[in-house]
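This report refers to the structure that appears directly beneath it.
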Amino acid sequence: MMQTRVDESWSNACRQIVQAGQRMDQRGWVPATAGNLSCRLPDGRIAITRSGGHKGFLTDSDVIEITPDGVPVDPANRASAETLLHTQLYAHDPAIGAVLHGHSVAATILSMDEPSDAITLAGYEVLKVFEGQMTHDTSLELPLFHNDQDIARLATVVAPKLAHMRLGYLIRGHGVYVWGKDMFTALARLEGLEFLLSCELARLQKKA
């Protein structure tokens, strides 16, 4: 049986995941046991939250190591059913160092009401939190994908659009996936995206 190697890098990864989980929980983005968080260590190991844990009360023991294929290094551990969506991103871009998945109210409602295959966000100053954006006078699309309990099949639908995603993506009635070069960047982008989605939801409610 292979065991996770616990060292300074692993301890640091656990600490970052625990802190990010607490921040996401405080903002209501990971209700109950929803969501999952991961990061890739400098040596290539991948740390991810185990299945079923409340993200607001994570400890180091709630973080497990998985292989690049999403298999727990320790067979006694159980990874989230959505682990493949994390490893897909790490395989797609070696510069990605962290992936966050949350289930906010704004993301859930907007994803279910939007008839097109993307939510367009335009004119917001906060768009500058995303890589390559130098002005608010721009628009970016957040791709929408239908929810599918067959995660491997969902991953094949997401794959063709990964290269063009600037904001992340949203699964209908489910939640967002956001990533970055490290945990700080991924969390900043998640906060930026959730702010934008909350603004869009408020605007729709005002019109109603």
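Convention: chains lettered A, B, ... in structure tokens order; per-chain residue numbering from 1; ligands numbered from 1 as shown.
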- [ ] Quick one: everything within 10 Å of A:Leu162, counting only C-alpha atoms, minus sequence neighbours fewer than 5 positions away in the same chain. Send it as a list of chain:residue names.
- [x] A:Gln88, A:Leu89, A:His92, A:Asp93, A:Pro143, A:Val157, A:Gly168, A:Tyr169
Task: Nearby residues (only C-alpha atoms) at most 8 Å from stretch 17-19 of chain A, same-chain spacing under 5 positions excluded, as a PyMOL selection string - done: chain A and resi 37-39+48-49+55-60+63+183
TODO: Run DSSP on the backbone and grab whatever in stretch 1-156 of chain A lands in strand (DSSP E); send it over as an MDAnalysis selection string.
DONE: chainID A and resid 36:40 46:49 63:66 98:102 118:122 139:145
If you keep C-alpha atoms, can you produce a file of those selected residues as a PDB file, in the first residue's frame?
ATOM      1  CA  ASN A  36     -13.897  20.352  -3.853  1.00  0.00           C
ATOM      2  CA  LEU A  37     -10.455  21.948  -3.767  1.00  0.00           C
ATOM      3  CA  SER A  38      -7.079  20.800  -5.001  1.00  0.00           C
ATOM      4  CA  CYS A  39      -3.542  21.947  -5.625  1.00  0.00           C
ATOM      5  CA  ARG A  40      -0.513  20.586  -7.396  1.00  0.00           C
ATOM      6  CA  ILE A  46      -1.763  16.406  -6.372  1.00  0.00           C
ATOM      7  CA  ALA A  47      -3.566  17.142  -3.115  1.00  0.00           C
ATOM      8  CA  ILE A  48      -7.380  17.218  -3.079  1.00  0.00           C
ATOM      9  CA  THR A  49     -10.202  17.233  -0.540  1.00  0.00           C
ATOM     10  CA  VAL A  63      -6.747  16.241   2.212  1.00  0.00           C
ATOM     11  CA  ILE A  64      -5.612  13.190   0.244  1.00  0.00           C
ATOM     12  CA  GLU A  65      -3.078  12.534  -2.482  1.00  0.00           C
ATOM     13  CA  ILE A  66      -4.197  11.341  -5.905  1.00  0.00           C
ATOM     14  CA  ALA A  98      -4.735  24.983  -7.991  1.00  0.00           C
ATOM     15  CA  VAL A  99      -8.377  24.230  -8.879  1.00  0.00           C
ATOM     16  CA  LEU A 100     -11.461  25.310  -6.929  1.00  0.00           C
ATOM     17  CA  HIS A 101     -15.060  24.179  -7.318  1.00  0.00           C
ATOM     18  CA  GLY A 102     -17.929  25.862  -5.510  1.00  0.00           C
ATOM     19  CA  ALA A 118     -22.498  30.811 -21.970  1.00  0.00           C
ATOM     20  CA  ILE A 119     -22.998  33.754 -19.619  1.00  0.00           C
ATOM     21  CA  THR A 120     -21.479  36.957 -20.980  1.00  0.00           C
ATOM     22  CA  LEU A 121     -19.946  39.314 -18.420  1.00  0.00           C
ATOM     23  CA  ALA A 122     -19.145  42.807 -19.711  1.00  0.00           C
ATOM     24  CA  SER A 139     -16.495  41.159 -22.251  1.00  0.00           C
ATOM     25  CA  LEU A 140     -15.728  37.568 -21.358  1.00  0.00           C
ATOM     26  CA  GLU A 141     -17.817  34.436 -21.662  1.00  0.00           C
ATOM     27  CA  LEU A 142     -18.337  31.866 -18.939  1.00  0.00           C
ATOM     28  CA  PRO A 143     -19.147  28.554 -20.701  1.00  0.00           C
ATOM     29  CA  LEU A 144     -22.133  26.548 -19.481  1.00  0.00           C
ATOM     30  CA  PHE A 145     -22.279  22.761 -19.543  1.00  0.00           C
TER      31      PHE A 145
END
Task: Option closest in space to A:Ala155, from A:Pro42, A:Thr83, A:Lys128, A:Leu190 [counting only C-alpha atoms] - done: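 Looking at the shortest contact to A:Ala155, the residue is A:Thr83.
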Task: Picked from stretch 10-176 of chain A by DSSP as alpha helix (DSSP H), as a PyMOL selection string - done: chain A and resi 10-26+83-92+105-113+151-158
Write out the residues from the selection above, keeping N, CA and C atoms, as a compact mmCIF listing (two decimals), in the first residue's frame.
# COMPACT_ATOMS: atom_id res chain seq x y z
N TRP A 10 3.93 19.12 1.38
CA TRP A 10 2.60 18.55 1.59
C TRP A 10 1.85 19.31 2.68
N SER A 11 2.52 19.61 3.76
CA SER A 11 1.90 20.35 4.85
C SER A 11 1.43 21.73 4.38
N ASN A 12 2.23 22.37 3.53
CA ASN A 12 1.87 23.67 2.99
C ASN A 12 0.64 23.57 2.09
N ALA A 13 0.59 22.51 1.28
CA ALA A 13 -0.57 22.30 0.40
C ALA A 13 -1.83 22.09 1.23
N CYS A 14 -1.73 21.29 2.28
CA CYS A 14 -2.88 21.06 3.16
C CYS A 14 -3.36 22.36 3.79
N ARG A 15 -2.41 23.16 4.24
CA ARG A 15 -2.77 24.42 4.89
C ARG A 15 -3.50 25.35 3.91
N GLN A 16 -3.02 25.41 2.68
CA GLN A 16 -3.66 26.26 1.69
C GLN A 16 -5.08 25.79 1.38
N ILE A 17 -5.27 24.49 1.27
CA ILE A 17 -6.60 23.94 0.98
C ILE A 17 -7.55 24.19 2.15
N VAL A 18 -7.07 23.96 3.36
CA VAL A 18 -7.90 24.18 4.55
C VAL A 18 -8.33 25.65 4.64
N GLN A 19 -7.40 26.57 4.42
CA GLN A 19 -7.71 28.00 4.51
C GLN A 19 -8.67 28.42 3.39
N ALA A 20 -8.46 27.90 2.19
CA ALA A 20 -9.36 28.23 1.08
C ALA A 20 -10.76 27.70 1.34
N GLY A 21 -10.84 26.49 1.90
CA GLY A 21 -12.14 25.91 2.23
C GLY A 21 -12.89 26.76 3.24
N GLN A 22 -12.17 27.27 4.23
CA GLN A 22 -12.79 28.12 5.25
C GLN A 22 -13.31 29.42 4.63
N ARG A 23 -12.52 29.99 3.75
CA ARG A 23 -12.92 31.24 3.10
C ARG A 23 -14.15 31.04 2.21
N MET A 24 -14.16 29.95 1.47
CA MET A 24 -15.30 29.64 0.61
C MET A 24 -16.55 29.37 1.43
N ASP A 25 -16.38 28.69 2.55
CA ASP A 25 -17.52 28.38 3.42
C ASP A 25 -18.09 29.66 4.02
N GLN A 26 -17.23 30.57 4.45
CA GLN A 26 -17.68 31.83 5.04
C GLN A 26 -18.54 32.64 4.07
N THR A 83 -13.28 14.32 -9.18
CA THR A 83 -11.82 14.44 -9.21
C THR A 83 -11.29 14.53 -10.63
N LEU A 84 -11.90 13.82 -11.56
CA LEU A 84 -11.43 13.82 -12.94
C LEU A 84 -11.45 15.21 -13.56
N LEU A 85 -12.36 16.07 -13.12
CA LEU A 85 -12.41 17.43 -13.66
C LEU A 85 -11.22 18.26 -13.17
N HIS A 86 -10.67 17.90 -12.02
CA HIS A 86 -9.45 18.55 -11.53
C HIS A 86 -8.24 18.05 -12.31
N THR A 87 -8.10 16.73 -12.40
CA THR A 87 -6.92 16.18 -13.08
C THR A 87 -6.93 16.54 -14.56
N GLN A 88 -8.10 16.70 -15.14
CA GLN A 88 -8.19 17.13 -16.54
C GLN A 88 -7.51 18.49 -16.73
N LEU A 89 -7.76 19.39 -15.80
CA LEU A 89 -7.17 20.72 -15.88
C LEU A 89 -5.65 20.68 -15.69
N TYR A 90 -5.19 19.89 -14.73
CA TYR A 90 -3.75 19.78 -14.52
C TYR A 90 -3.05 19.18 -15.74
N ALA A 91 -3.70 18.23 -16.39
CA ALA A 91 -3.12 17.62 -17.60
C ALA A 91 -3.14 18.60 -18.76
N HIS A 92 -4.17 19.43 -18.80
CA HIS A 92 -4.31 20.40 -19.90
C HIS A 92 -3.24 21.47 -19.88
N VAL A 105 -25.19 30.33 -4.65
CA VAL A 105 -26.57 30.57 -5.06
C VAL A 105 -26.61 31.25 -6.43
N ALA A 106 -25.79 32.28 -6.61
CA ALA A 106 -25.79 33.01 -7.88
C ALA A 106 -25.42 32.10 -9.05
N ALA A 107 -24.37 31.31 -8.88
CA ALA A 107 -23.95 30.41 -9.96
C ALA A 107 -25.02 29.40 -10.29
N THR A 108 -25.67 28.87 -9.27
CA THR A 108 -26.70 27.86 -9.48
C THR A 108 -27.91 28.42 -10.21
N ILE A 109 -28.42 29.55 -9.75
CA ILE A 109 -29.62 30.14 -10.37
C ILE A 109 -29.35 30.61 -11.79
N LEU A 110 -28.26 31.35 -11.99
CA LEU A 110 -27.96 31.88 -13.32
C LEU A 110 -27.73 30.76 -14.33
N SER A 111 -27.08 29.69 -13.89
CA SER A 111 -26.79 28.59 -14.81
C SER A 111 -28.05 27.86 -15.25
N MET A 112 -29.07 27.88 -14.41
CA MET A 112 -30.32 27.19 -14.75
C MET A 112 -31.24 28.06 -15.60
N ASP A 113 -31.09 29.39 -15.49
CA ASP A 113 -31.98 30.30 -16.22
C ASP A 113 -31.43 30.76 -17.56
N ILE A 151 -19.03 11.66 -14.92
CA ILE A 151 -18.00 12.70 -14.96
C ILE A 151 -17.03 12.49 -16.12
N ALA A 152 -16.73 11.27 -16.45
CA ALA A 152 -15.84 11.01 -17.59
C ALA A 152 -16.46 11.54 -18.88
N ARG A 153 -17.74 11.36 -19.03
CA ARG A 153 -18.43 11.86 -20.22
C ARG A 153 -18.47 13.40 -20.21
N LEU A 154 -18.73 13.98 -19.04
CA LEU A 154 -18.73 15.43 -18.91
C LEU A 154 -17.37 16.01 -19.28
N ALA A 155 -16.32 15.34 -18.85
CA ALA A 155 -14.96 15.81 -19.14
C ALA A 155 -14.70 15.87 -20.64
N THR A 156 -15.26 14.93 -21.40
CA THR A 156 -15.06 14.94 -22.85
C THR A 156 -15.79 16.11 -23.51
N VAL A 157 -16.87 16.57 -22.88
CA VAL A 157 -17.61 17.72 -23.41
C VAL A 157 -16.87 19.02 -23.08
N VAL A 158 -16.27 19.08 -21.90
CA VAL A 158 -15.53 20.26 -21.47
C VAL A 158 -14.23 20.42 -22.25
